[in-house]
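*Asks:* So that you have it, the file is structure18.pdb, and it contains PDB, C-alpha atoms:
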ATOM      1  CA  MET A   1      13.965 -10.320  11.056
ATOM      2  CA  LYS A   2      16.015  -8.507   8.441
ATOM      3  CA  ALA A   3      15.820  -8.130   4.660
ATOM      4  CA  GLN A   4      17.989  -6.234   2.218
ATOM      5  CA  LEU A   5      16.339  -4.130  -0.486
ATOM      6  CA  THR A   6      17.146  -5.011  -4.092
ATOM      7  CA  THR A   7      15.191  -2.062  -5.520
ATOM      8  CA  GLU A   8      15.051   1.588  -4.457
ATOM      9  CA  LYS A   9      11.983   2.198  -2.299
ATOM     10  CA  THR A  10      10.284   5.042  -0.467
ATOM     11  CA  GLY A  11       8.582   5.300   2.903
ATOM     12  CA  LEU A  12       6.924   7.879   5.145
ATOM     13  CA  ASN A  13       9.407  10.026   7.062
ATOM     14  CA  PRO A  14       8.727   9.444  10.782
ATOM     15  CA  ALA A  15      10.119  12.908  11.595
ATOM     16  CA  TYR A  16       7.548  14.671   9.369
ATOM     17  CA  ARG A  17       4.640  16.327  11.208
ATOM     18  CA  GLY A  18       1.738  17.398   8.989
ATOM     19  CA  LYS A  19       0.307  19.726  11.623
ATOM     20  CA  GLU A  20       3.601  21.590  12.030
ATOM     21  CA  ALA A  21       4.084  21.740   8.256
ATOM     22  CA  ARG A  22       0.609  23.274   7.779
ATOM     23  CA  ARG A  23       1.232  25.761  10.568
ATOM     24  CA  ALA A  24       4.565  26.771   9.002
ATOM     25  CA  LYS A  25       2.953  27.175   5.594
ATOM     26  CA  LEU A  26       0.206  29.424   6.951
ATOM     27  CA  ALA A  27       2.797  31.503   8.799
ATOM     28  CA  GLY A  28       4.981  31.719   5.694
ATOM     29  CA  GLU A  29       7.841  29.985   7.494
ATOM     30  CA  PRO A  30      10.048  27.246   6.057
ATOM     31  CA  TYR A  31       9.504  23.618   7.039
ATOM     32  CA  ASP A  32      12.490  21.601   5.922
ATOM     33  CA  ILE A  33      11.486  18.059   6.841
ATOM     34  CA  ALA A  34      10.550  16.051   3.730
ATOM     35  CA  PRO A  35       7.407  13.891   3.980
ATOM     36  CA  LYS A  36       9.079  10.866   2.396
ATOM     37  CA  LEU A  37      12.378   9.027   2.689
ATOM     38  CA  THR A  38      14.084   7.152  -0.140
ATOM     39  CA  TYR A  39      15.660   3.821   0.787
ATOM     40  CA  PRO A  40      18.506   2.993  -1.653
ATOM     41  CA  VAL A  41      19.293  -0.486  -2.959
ATOM     42  CA  GLY A  42      21.146  -2.398  -0.267
ATOM     43  CA  THR A  43      19.279  -0.864   2.690
ATOM     44  CA  ILE A  44      18.690  -3.367   5.476
ATOM     45  CA  ILE A  45      15.148  -3.181   6.802
ATOM     46  CA  GLU A  46      14.094  -4.824  10.032
ATOM     47  CA  GLY A  47      10.683  -5.880  11.315
ATOM     48  CA  THR A  48       8.354  -8.835  11.743
ATOM     49  CA  ALA A  49       6.936  -8.331   8.227
ATOM     50  CA  ALA A  50      10.286  -7.926   6.436
ATOM     51  CA  PHE A  51       9.827 -11.322   4.741
ATOM     52  CA  VAL A  52       6.773  -9.967   2.858
ATOM     53  CA  LEU A  53       9.073  -7.938   0.586
ATOM     54  CA  CYS A  54      10.984 -11.139  -0.215
ATOM     55  CA  THR A  55       7.817 -13.039  -1.173
ATOM     56  CA  LEU A  56       6.328 -10.673  -3.755
ATOM     57  CA  PRO A  57       5.868 -12.118  -7.265
ATOM     58  CA  GLU A  58       9.027 -10.160  -8.153
ATOM     59  CA  PRO A  59      10.775  -9.831  -4.777
ATOM     60  CA  GLU A  60      11.975  -6.353  -3.827
ATOM     61  CA  ALA A  61      14.299  -7.618  -1.089
ATOM     62  CA  VAL A  62      16.348 -10.689  -0.196
ATOM     63  CA  PRO A  63      16.664 -12.272   3.251
ATOM     64  CA  ALA A  64      19.413 -10.724   5.354
ATOM     65  CA  ASP A  65      19.261 -13.115   8.307
ATOM     66  CA  GLU A  66      18.361 -16.732   9.021
ATOM     67  CA  GLU A  67      14.979 -15.854  10.537
ATOM     68  CA  CYS A  68      13.875 -14.034   7.375
ATOM     69  CA  HIS A  69      15.276 -16.783   5.136
ATOM     70  CA  ALA A  70      13.341 -19.447   7.061
ATOM     71  CA  ALA A  71      10.119 -17.397   6.803
ATOM     72  CA  VAL A  72      10.519 -16.946   3.027
ATOM     73  CA  VAL A  73      11.284 -20.644   2.454
ATOM     74  CA  ALA A  74       8.244 -21.591   4.577
ATOM     75  CA  PHE A  75       6.018 -19.181   2.619
ATOM     76  CA  PHE A  76       6.980 -20.633  -0.772
ATOM     77  CA  ASP A  77       6.906 -24.217   0.474
ATOM     78  CA  ARG A  78       3.204 -24.210   1.376
ATOM     79  CA  PRO A  79       1.231 -26.943  -0.408
ATOM     80  CA  SER A  80      -1.738 -24.555  -0.622
ATOM     81  CA  LEU A  81       0.322 -22.162  -2.764
ATOM     82  CA  ARG A  82       1.284 -24.922  -5.217
ATOM     83  CA  GLU A  83      -2.358 -26.046  -5.360
ATOM     84  CA  ARG A  84      -3.548 -22.504  -6.063
ATOM     85  CA  PHE A  85      -1.013 -21.994  -8.850
ATOM     86  CA  ALA A  86      -2.084 -25.341 -10.370
ATOM     87  CA  MET A  87      -5.743 -24.292 -10.163
ATOM     88  CA  LEU A  88      -5.032 -20.922 -11.797
ATOM     89  CA  ARG A  89      -3.061 -22.606 -14.597
ATOM     90  CA  GLN A  90      -6.010 -24.911 -15.183
ATOM     91  CA  MET A  91      -8.440 -21.989 -15.288
ATOM     92  CA  LYS A  92      -6.248 -20.249 -17.885
ATOM     93  CA  THR A  93      -6.383 -23.180 -20.314
ATOM     94  CA  PRO A  94      -8.519 -22.088 -23.309
ATOM     95  CA  ALA A  95     -11.115 -24.832 -22.884
ATOM     96  CA  VAL A  96     -11.866 -23.774 -19.299
ATOM     97  CA  PHE A  97     -11.257 -20.012 -19.660
ATOM     98  CA  GLU A  98     -13.799 -19.620 -22.479
ATOM     99  CA  GLN A  99     -16.551 -21.024 -20.266
ATOM    100  CA  LEU A 100     -15.940 -18.656 -17.369
ATOM    101  CA  PRO A 101     -18.292 -15.704 -16.683
ATOM    102  CA  LYS A 102     -16.904 -12.284 -17.684
ATOM    103  CA  GLU A 103     -16.187 -11.237 -14.081
ATOM    104  CA  MET A 104     -14.325 -14.465 -13.352
ATOM    105  CA  LYS A 105     -12.281 -14.029 -16.541
ATOM    106  CA  GLN A 106     -11.195 -10.606 -15.281
ATOM    107  CA  TYR A 107     -10.317 -12.027 -11.862
ATOM    108  CA  VAL A 108      -8.314 -14.944 -13.275
ATOM    109  CA  THR A 109      -6.506 -12.664 -15.758
ATOM    110  CA  VAL A 110      -5.530 -10.109 -13.103
ATOM    111  CA  VAL A 111      -4.416 -12.710 -10.560
ATOM    112  CA  THR A 112      -2.455 -14.902 -12.983
ATOM    113  CA  SER A 113      -0.756 -11.943 -14.680
ATOM    114  CA  LYS A 114       1.077 -11.295 -11.404
ATOM    115  CA  TRP A 115       2.381 -14.828 -11.047
ATOM    116  CA  GLU A 116       2.966 -16.178 -14.559
ATOM    117  CA  GLY A 117       6.694 -16.465 -15.238
ATOM    118  CA  SER A 118       7.501 -14.613 -12.007
ATOM    119  CA  THR A 119      10.414 -15.335  -9.706
ATOM    120  CA  ALA A 120       7.936 -16.472  -7.051
ATOM    121  CA  GLU A 121       6.390 -19.041  -9.403
ATOM    122  CA  LYS A 122       9.845 -20.385 -10.263
ATOM    123  CA  ILE A 123      10.627 -20.791  -6.558
ATOM    124  CA  VAL A 124       7.307 -22.539  -5.916
ATOM    125  CA  ASN A 125       7.970 -24.856  -8.887
ATOM    126  CA  LYS A 126      11.472 -25.588  -7.523
ATOM    127  CA  GLU A 127      13.118 -24.095 -10.636
ATOM    128  CA  GLN A 128      14.837 -21.498  -8.453
ATOM    129  CA  THR A 129      15.776 -21.326  -4.774
ATOM    130  CA  VAL A 130      15.423 -18.586  -2.178
ATOM    131  CA  GLN A 131      18.641 -16.601  -1.942
ATOM    132  CA  ALA A 132      20.701 -17.329   1.168
ATOM    133  CA  PRO A 133      21.030 -14.474   3.689
ATOM    134  CA  THR A 134      23.429 -11.764   2.601
ATOM    135  CA  ALA A 135      25.357  -9.457   4.895
ATOM    136  CA  GLY A 136      25.198  -6.180   2.990
ATOM    137  CA  THR A 137      26.297  -2.688   3.819
ATOM    138  CA  VAL A 138      23.648  -0.774   5.716
ATOM    139  CA  LYS A 139      22.673   2.391   3.853
ATOM    140  CA  GLN A 140      20.830   5.362   5.261
ATOM    141  CA  PRO A 141      17.574   6.616   3.720
ATOM    142  CA  LYS A 142      17.502  10.018   2.013
ATOM    143  CA  ALA A 143      14.779  12.642   2.243
ATOM    144  CA  SER A 144      12.457  12.816  -0.778
ATOM    145  CA  GLY A 145       9.372  14.767  -1.852
ATOM    146  CA  SER A 146       8.895  18.531  -1.674
ATOM    147  CA  THR A 147       8.914  20.157   1.753
ATOM    148  CA  ASN A 148       7.198  23.467   2.471
ATOM    149  CA  GLU A 149       5.016  23.302  -0.629
ATOM    150  CA  SER A 150       3.840  19.830   0.134
ATOM    151  CA  THR A 151       1.162  20.140   2.762
ATOM    152  CA  ASP A 152      -2.514  20.685   2.509
TER     153      ASP A 152
ATOM    154  CA  MET B   1     -13.288  17.740  -2.275
ATOM    155  CA  PRO B   2     -13.407  13.945  -2.393
ATOM    156  CA  TYR B   3     -12.537  12.291  -5.642
ATOM    157  CA  GLU B   4     -12.851   8.788  -6.838
ATOM    158  CA  ALA B   5     -11.110   6.587  -9.400
ATOM    159  CA  GLN B   6     -13.557   3.985 -10.698
ATOM    160  CA  SER B   7     -11.049   2.538 -13.094
ATOM    161  CA  THR B   8      -7.621   3.075 -11.642
ATOM    162  CA  LEU B   9      -5.712   3.175 -14.978
ATOM    163  CA  GLY B  10      -2.337   3.011 -13.317
ATOM    164  CA  SER B  11      -3.267   4.732 -10.074
ATOM    165  CA  LYS B  12      -2.230   2.678  -7.109
ATOM    166  CA  VAL B  13      -2.471   2.322  -3.368
ATOM    167  CA  GLN B  14       0.594   1.413  -1.323
ATOM    168  CA  ILE B  15       0.964   0.146   2.224
ATOM    169  CA  ALA B  16       4.179   0.577   4.192
ATOM    170  CA  ILE B  17       5.603  -2.817   5.116
ATOM    171  CA  THR B  18       8.430  -2.419   7.616
ATOM    172  CA  ALA B  19       8.477   1.307   6.731
ATOM    173  CA  VAL B  20       8.818   0.618   2.983
ATOM    174  CA  ASP B  21       5.990   1.550   0.565
ATOM    175  CA  THR B  22       4.717  -1.552  -1.243
ATOM    176  CA  ASP B  23       2.092  -1.705  -4.010
ATOM    177  CA  ILE B  24      -1.224  -3.359  -3.190
ATOM    178  CA  PRO B  25      -2.086  -5.303  -6.367
ATOM    179  CA  GLY B  26      -5.536  -5.249  -7.953
ATOM    180  CA  THR B  27      -6.963  -2.128  -6.314
ATOM    181  CA  GLN B  28     -10.092  -0.511  -7.765
ATOM    182  CA  ASN B  29     -12.590   2.223  -6.836
ATOM    183  CA  ILE B  30     -10.087   4.296  -4.870
ATOM    184  CA  THR B  31     -11.628   7.157  -2.912
ATOM    185  CA  ILE B  32      -9.697   9.631  -0.802
ATOM    186  CA  THR B  33     -11.165  12.518   1.157
ATOM    187  CA  GLY B  34      -9.720  15.201   3.379
ATOM    188  CA  GLU B  35      -7.014  16.851   1.337
ATOM    189  CA  ASP B  36      -8.716  20.203   0.909
ATOM    190  CA  ASN B  37      -6.757  23.230   1.950
ATOM    191  CA  VAL B  38      -9.441  24.338   4.372
ATOM    192  CA  SER B  39      -8.384  26.567   7.212
ATOM    193  CA  PHE B  40     -10.712  29.198   8.614
ATOM    194  CA  GLU B  41     -11.506  31.136  11.725
ATOM    195  CA  THR B  42     -14.964  31.296  13.249
ATOM    196  CA  GLY B  43     -15.266  34.914  12.169
ATOM    197  CA  ASP B  44     -14.905  33.891   8.528
ATOM    198  CA  ILE B  45     -18.192  32.008   8.589
ATOM    199  CA  ALA B  46     -21.305  33.875   7.530
ATOM    200  CA  ASP B  47     -23.872  34.591  10.232
ATOM    201  CA  ASP B  48     -26.576  32.608   8.499
ATOM    202  CA  VAL B  49     -24.892  29.179   8.579
ATOM    203  CA  ASN B  50     -26.916  26.751  10.629
ATOM    204  CA  SER B  51     -24.140  24.627  12.098
ATOM    205  CA  LYS B  52     -21.283  25.547  14.342
ATOM    206  CA  LYS B  53     -17.707  24.971  13.192
ATOM    207  CA  ALA B  54     -14.733  24.834  15.490
ATOM    208  CA  SER B  55     -12.080  27.376  14.629
ATOM    209  CA  GLY B  56      -9.500  26.100  12.185
ATOM    210  CA  VAL B  57     -10.493  22.487  12.632
ATOM    211  CA  ALA B  58     -10.611  20.183   9.608
ATOM    212  CA  GLU B  59     -11.777  16.594   9.350
ATOM    213  CA  PRO B  60      -9.108  13.888   9.101
ATOM    214  CA  GLY B  61      -8.815  12.186   5.722
ATOM    215  CA  THR B  62     -10.315   8.865   4.722
ATOM    216  CA  LEU B  63      -9.287   6.197   2.228
ATOM    217  CA  SER B  64     -11.430   3.475   0.743
ATOM    218  CA  PHE B  65     -10.792   1.041  -2.063
ATOM    219  CA  SER B  66     -11.774  -2.408  -3.231
ATOM    220  CA  MET B  67      -9.423  -5.026  -4.547
ATOM    221  CA  LEU B  68      -9.461  -8.335  -6.379
ATOM    222  CA  PHE B  69      -8.419 -10.358  -3.347
ATOM    223  CA  ASP B  70      -5.822 -13.022  -4.041
ATOM    224  CA  PRO B  71      -5.342 -15.334  -1.026
ATOM    225  CA  SER B  72      -1.905 -16.303  -2.322
ATOM    226  CA  ASP B  73      -0.736 -12.685  -2.525
ATOM    227  CA  THR B  74       1.594 -11.866   0.326
ATOM    228  CA  VAL B  75       0.656  -8.148   0.393
ATOM    229  CA  HIS B  76      -3.076  -8.929   0.493
ATOM    230  CA  LYS B  77      -2.468 -11.412   3.297
ATOM    231  CA  HIS B  78      -0.379  -8.842   5.161
ATOM    232  CA  LEU B  79      -3.156  -6.257   4.856
ATOM    233  CA  GLN B  80      -5.709  -8.779   6.112
ATOM    234  CA  SER B  81      -3.402  -9.870   8.915
ATOM    235  CA  VAL B  82      -2.813  -6.301  10.126
ATOM    236  CA  HIS B  83      -6.574  -5.737  10.138
ATOM    237  CA  ASN B  84      -7.387  -9.001  11.885
ATOM    238  CA  THR B  85      -4.732  -8.796  14.567
ATOM    239  CA  GLY B  86      -4.711  -5.088  15.210
ATOM    240  CA  GLY B  87      -8.073  -3.894  13.967
ATOM    241  CA  SER B  88      -8.539  -0.187  14.377
ATOM    242  CA  GLY B  89      -5.772  -0.042  16.975
ATOM    243  CA  VAL B  90      -2.953  -0.415  14.471
ATOM    244  CA  ALA B  91      -1.988   2.525  12.297
ATOM    245  CA  VAL B  92      -0.399   1.887   8.910
ATOM    246  CA  ASP B  93       1.258   4.294   6.506
ATOM    247  CA  MET B  94      -0.676   4.480   3.242
ATOM    248  CA  THR B  95       0.236   6.212  -0.018
ATOM    249  CA  VAL B  96      -1.966   6.861  -3.062
ATOM    250  CA  PHE B  97      -0.574   7.599  -6.547
ATOM    251  CA  ILE B  98      -2.886   9.325  -8.996
ATOM    252  CA  SER B  99      -1.716   8.132 -12.387
ATOM    253  CA  ALA B 100      -3.130  10.838 -14.634
ATOM    254  CA  THR B 101      -1.353  13.630 -12.763
ATOM    255  CA  GLY B 102       1.535  11.929 -11.001
ATOM    256  CA  GLY B 103       0.182  13.289  -7.719
ATOM    257  CA  THR B 104       1.085  11.502  -4.511
ATOM    258  CA  ARG B 105      -0.781  11.615  -1.219
ATOM    259  CA  ALA B 106       0.349   9.968   2.021
ATOM    260  CA  ALA B 107      -1.195   9.471   5.445
ATOM    261  CA  THR B 108      -1.099   7.213   8.459
ATOM    262  CA  CYS B 109      -4.419   5.389   8.738
ATOM    263  CA  ASN B 110      -6.440   3.066  10.931
ATOM    264  CA  PHE B 111      -8.660   0.317   9.554
ATOM    265  CA  LYS B 112     -12.395   0.844   9.680
ATOM    266  CA  LYS B 113     -13.411  -2.085   7.493
ATOM    267  CA  PHE B 114     -11.957  -5.080   5.688
ATOM    268  CA  ASP B 115     -14.828  -7.048   4.158
ATOM    269  CA  LEU B 116     -14.353 -10.103   1.987
ATOM    270  CA  LYS B 117     -16.908 -11.420  -0.455
ATOM    271  CA  ALA B 118     -16.903 -14.036  -3.184
ATOM    272  CA  GLU B 119     -19.663 -13.625  -5.719
ATOM    273  CA  LYS B 120     -21.122 -16.350  -7.871
ATOM    274  CA  LYS B 121     -19.685 -15.074 -11.145
ATOM    275  CA  GLY B 122     -16.426 -13.519  -9.944
ATOM    276  CA  GLY B 123     -13.524 -14.194  -7.615
ATOM    277  CA  TRP B 124     -12.810 -12.836  -4.175
ATOM    278  CA  MET B 125     -13.265  -9.094  -3.602
ATOM    279  CA  ALA B 126     -12.212  -7.132  -0.530
ATOM    280  CA  ASP B 127     -13.670  -3.774   0.469
ATOM    281  CA  VAL B 128     -11.316  -1.720   2.602
ATOM    282  CA  GLU B 129     -12.055   1.496   4.482
ATOM    283  CA  MET B 130      -9.515   3.436   6.505
ATOM    284  CA  GLU B 131      -9.535   6.616   8.550
ATOM    285  CA  CYS B 132      -6.421   8.774   8.588
ATOM    286  CA  LEU B 133      -4.930  10.009  11.836
ATOM    287  CA  ASP B 134      -4.407  13.398  10.177
ATOM    288  CA  ARG B 135      -5.213  15.015   6.870
ATOM    289  CA  TRP B 136      -3.475  13.776   3.725
ATOM    290  CA  THR B 137       0.059  14.963   3.159
ATOM    291  CA  ILE B 138       0.515  16.082  -0.419
ATOM    292  CA  VAL B 139       3.909  14.566  -1.242
ATOM    293  CA  ASP B 140       3.597  15.528  -4.915
ATOM    294  CA  PRO B 141       0.996  18.238  -5.520
ATOM    295  CA  SER B 142       0.486  17.382  -9.218
TER     296      SER B 142
END
Can you present the structure in this file as structure tokens?
*Replies:*
Amino acid sequence: MKAQLTTEKTGLNPAYRGKEARRAKLAGEPYDIAPKLTYPVGTIIEGTAAFVLCTLPEPEAVPADEECHAAVVAFFDRPSLRERFAMLRQMKTPAVFEQLPKEMKQYVTVVTSKWEGSTAEKIVNKEQTVQAPTAGTVKQPKASGSTNESTD
Amino acid sequence: MPYEAQSTLGSKVQIAITAVDTDIPGTQNITITGEDNVSFETGDIADDVNSKKASGVAEPGTLSFSMLFDPSDTVHKHLQSVHNTGGSGVAVDMTVFISATGGTRAATCNFKKFDLKAEKKGGWMADVEMECLDRWTIVDPS
């Protein structure tokens, strides 16, 4: 399945070899392959987990094919997700929250801070819909991160 | 030299999802080992050491962290799913940002442990341990 990035992201450069970079550094030779790649906005990514980036509280990608779109819609349409959001909202009400142990207060605060007012919550509450697949221009990643200085 | 962030204060752990680095929310107690610039020959070692060291060989890095596990979080579920379906046979690209310095470390790792626990007073916690296939790459040496 395919998704299109809506924010600039990075990823490990598959061409980078730590062993060769260390060897080059010890020998005082240049090693010009950067350890990271930068994926610009609009990059199409492909893989079985591509939908995960479209289902973050603030999605970092939108579906770029029907398979990804169907997976995202199915993720947000789960009754268990609506039930969990309802339970978290209930736990955040002052009357309930004040009675919670300190550790549970921390847990509820951290978990709800991700979801409250997020795009994902709006989709789950049917206030917003999942964006239909878009056919964007495929962009190539760029090398990022220092090269010869960058290895241990 | 291993170092540990008890309170992460903006430090974060990322997992590559379809090659793209993605934040893992709610991480705590991050420990990474194996980034020392250790490279030696057998002749460098003093005669009185009591253990043998292979020439120029360094241990691979490790990564461990705990997180406030949210079953509705898609990244947490992905992490759990990769562990459960692939176990130690699936390597994932991991990145650690150290907030105080801006340093960035990256490595490809295998799972060693993904333990879930729900305590009486708190919510779900997950303890994760990973072993790197190589030593940590210092993307940003800060």
*Asks:* Taking only C-alpha atoms into account, which residues of chain A are within 8 Å of chain B, as a PyMOL selection string?
*Replies:* chain A and resi 9-12+18+35-36+39+45-50+52-53+55-56+81+84+101-105+107-108+110-111+145-146+150-152
*Asks:* Would you work out the distance separating atom CA of A:Glu58 from atom CA of A:Ile123, expressed in Å to one decimal?
*Replies:*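 Distance reported for this atom pair: 10.9 Å.
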*Asks:* Run the PyMOL selection byres ((chain A and resi 59) around 10) mentally over the shown coordinates, then write out the matched residues as a PyMOL selection string, using the chain letters and numbers from the document.
*Replies:* chain A and resi 5-7+51-58+60-62+118-120
*Asks:* Let's have the selection written as a PDB file, in the coordinates of the input, with C-alpha atoms.
*Replies:*
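Once everything was written out, this is again-v6.pdb:
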ATOM      1  CA  LEU A   5      16.339  -4.130  -0.486  1.00  0.00           C
ATOM      2  CA  THR A   6      17.146  -5.011  -4.092  1.00  0.00           C
ATOM      3  CA  THR A   7      15.191  -2.062  -5.520  1.00  0.00           C
ATOM      4  CA  PHE A  51       9.827 -11.322   4.741  1.00  0.00           C
ATOM      5  CA  VAL A  52       6.773  -9.967   2.858  1.00  0.00           C
ATOM      6  CA  LEU A  53       9.073  -7.938   0.586  1.00  0.00           C
ATOM      7  CA  CYS A  54      10.984 -11.139  -0.215  1.00  0.00           C
ATOM      8  CA  THR A  55       7.817 -13.039  -1.173  1.00  0.00           C
ATOM      9  CA  LEU A  56       6.328 -10.673  -3.755  1.00  0.00           C
ATOM     10  CA  PRO A  57       5.868 -12.118  -7.265  1.00  0.00           C
ATOM     11  CA  GLU A  58       9.027 -10.160  -8.153  1.00  0.00           C
ATOM     12  CA  GLU A  60      11.975  -6.353  -3.827  1.00  0.00           C
ATOM     13  CA  ALA A  61      14.299  -7.618  -1.089  1.00  0.00           C
ATOM     14  CA  VAL A  62      16.348 -10.689  -0.196  1.00  0.00           C
ATOM     15  CA  SER A 118       7.501 -14.613 -12.007  1.00  0.00           C
ATOM     16  CA  THR A 119      10.414 -15.335  -9.706  1.00  0.00           C
ATOM     17  CA  ALA A 120       7.936 -16.472  -7.051  1.00  0.00           C
TER      18      ALA A 120
END
*Asks:* Write out as a compact mmCIF listing (two decimals) with C-alpha atoms, in the frame of the given file each polymer residue whose atoms come within 12 Å of A:Glu83, counting all atoms listed in the file; drop sequence neighbours fewer than 3 positions from it.
*Replies:*
# COMPACT_ATOMS: atom_id res chain seq x y z
CA PHE A 76 6.98 -20.63 -0.77
CA ASP A 77 6.91 -24.22 0.47
CA ARG A 78 3.20 -24.21 1.38
CA PRO A 79 1.23 -26.94 -0.41
CA SER A 80 -1.74 -24.56 -0.62
CA ALA A 86 -2.08 -25.34 -10.37
CA MET A 87 -5.74 -24.29 -10.16
CA LEU A 88 -5.03 -20.92 -11.80
CA ARG A 89 -3.06 -22.61 -14.60
CA GLN A 90 -6.01 -24.91 -15.18
CA GLU A 121 6.39 -19.04 -9.40
CA VAL A 124 7.31 -22.54 -5.92
CA ASN A 125 7.97 -24.86 -8.89
CA PRO B 71 -5.34 -15.33 -1.03
CA SER B 72 -1.90 -16.30 -2.32
*Asks:* Could you tell me which of A:Glu8, A:Thr93, A:Arg17, A:Gln131 comes closest to B:Leu133 if we count all atoms listed in the file?
*Replies:*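 Between A:Glu8, A:Thr93, A:Arg17, A:Gln131, the residue approaching B:Leu133 most closely is A:Arg17.
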*Asks:* Report the centre and edge lengths, in Å to one decimal, of an axis-aligned box enclosing every atom of stretch 66-82 of chain A listed in the file, padded by 5 Å on each side, as JSON.
*Replies:*
{"center_x": 8.3, "center_y": -20.5, "center_z": 2.7, "size_x": 30.1, "size_y": 22.9, "size_z": 25.8}
*Asks:* What is the distance, in Å and to one decimal place, between atom CA of A:Cys68 and atom CA of A:Lys2?
*Replies:* 6.0 Å
*Asks:* Specify as a list in words each residue included when the PyMOL selection byres ((chain B and resi 110) around 7) is applied to this file.
*Replies:* Ser88, Gly89, Val90, Ala91, Val92, Cys109, Phe111, Lys112, Met130, Glu131 and Cys132 of chain B
